[in-house]
Structures are given as C-alpha cells and as structure tokens.
Amino acid sequence: MHTKFLLIGYYGFQNAGDELLLKKSLSIIKDCAPNSKIRVLYNLNNIECSNKRYLSEVFLVNRFSIWQIICSIFWANTVVFGGGGILQDKTSFKSLVYYLGILFFSRLFNKNIVLLAQGLGPFNHTLSRSLMRYLKIDYISLRDKNSLAIWNKLGCKAKKVVLASDLAYYKAKNILKRDSNFKL
C-alpha cells in the first residue's frame, strides 16, 4: 500500500521561493516515503508557466476548487504544509482562513497533519490568534525562534514541535569555497 500525501503551500504563482519550497517538500516526502503518491494544491491557472520536471511526478489539484480540495484531503493519509510563511494575517486574513480551513477538514477526516519549516505570524487580528489556538496537528517544525515563541505564546497544540531551519536549506550544497581573501 502506498502512503498518500496532500502537499499544501502557495504553489503555482510564479514565485521562485515558493516553487523552491515545493521542490524541497517533494524531496523530503520522497526521501521518507519513496513509493508514495502525492497530490499538490496548485494554481492551475499558471500551469503553462510551470514546466518543472518534478511536477510530472505528482497529481496537481486545483487550489480554487473546494470540491477537489476536500476530495484530496479525504484521499490522503497525511496532509503536509511545505514550508513558508502562510500562517499569518499580515498579507491577508482570507488567506489565513483558507489554510486554517484545510487544517480543519484534515482534522475532521482524521488525517495526519505535518507542517514543515513554518514561519508563523504576524497575527494582527484577535480572531486570527483565537483561530490559531484551535490548531491540533501531529508534527510541526518551525523555521526560526520567533515563530517558536509565537507558537508557544498562542498555546497551539502539536504532538511534536521542533525548531528547525528554513526548508530552502534542505540538502543545500555549501556554496562557500576556500578563498585566500575570505575569512570567517
């Protein structure tokens, strides 16, 4: 039996950083579960701009179709949020509600929930902070100490909380080379 993952992020908007997070998230999933099946929430309106080879290995789900999202959550064993700073209300309260809705349905369908290398906040609205307190997830890695402090201050719940690095550094090659003019 294959493990089935639904990967969530701000993918398909021609943002190089988020596309890198997608690539790294896929790499982590494949390293941990080589025979897995993966669906990715994606902006299919920009699919012609995304001729990335790694997308051919996954099933893309229209991030604007509530029906496809709910069906994909129901299909998956594990819902993974792949890095970034999507849990915040600075850029958009509606965006936060969107992602929290996915987490709500994931919990409703009793799915494993994993959040990788998340940056949290800021949360400018009282309602945002209240909604975050109701998160109940299985595993979260936070990408910085500030995010960990926000997590603890809000009183969010997870079976395992880890302070990690940004997902962009996963399997990153050392770019510094020895140079007689460069000193650490």
# chains A, B, ... in the order shown; residues from 1 in each chain; ligands from 1
$ residues_around --residues "stretch 149-157 of chain A" --least-positions-apart "6" --cutoff "7 Å" --atoms "only C-alpha atoms" --output "count of residues only"
8
$ residues_around --residues "A:Phe123" --least-positions-apart "3" --cutoff "8 Å" --atoms "only C-alpha atoms" --output "count of residues only"
6
$ select_by_dssp --residues "chain A" --states "alpha helix (DSSP H)" --output "number ranges by chain"
A: 16-32, 66-75, 93-108, 126-133, 145-154
$ closest_atom_pairs --of "stretch 78-166 of chain A" --to "stretch 9-30 of chain A" --cutoff "7 Å" --atoms "only C-alpha atoms" --output "Markdown table"
| residue | atom | partner | partner_atom | distance |
| --- | --- | --- | --- | --- |
| A:Phe81 | CA | A:Gly9 | CA | 5.9 |
| A:Gly82 | CA | A:Ser25 | CA | 5.4 |
| A:Gly83 | CA | A:Leu21 | CA | 6.1 |
$ closest_atom_pairs --of "stretch 93-174 of chain A" --to "stretch 60-77 of chain A" --cutoff "7 Å" --atoms "only C-alpha atoms" --output "CSV"
residue,atom,partner,partner_atom,distance
A:Ser106,CA,A:Ile73,CA,6.0
A:Phe109,CA,A:Phe74,CA,6.4
A:Lys111,CA,A:Asn77,CA,5.7
A:Asn112,CA,A:Asn77,CA,6.4
$ write_last_selection --atoms "C-alpha atoms" --output "CSV table (one decimal), in the first residue's frame"
chain,number,residue,atom,x,y,z
A,106,SER,CA,-7.8,17.5,7.6
A,109,PHE,CA,-11.2,13.5,8.4
A,111,LYS,CA,-5.6,12.8,8.8
A,112,ASN,CA,-2.0,13.1,10.0
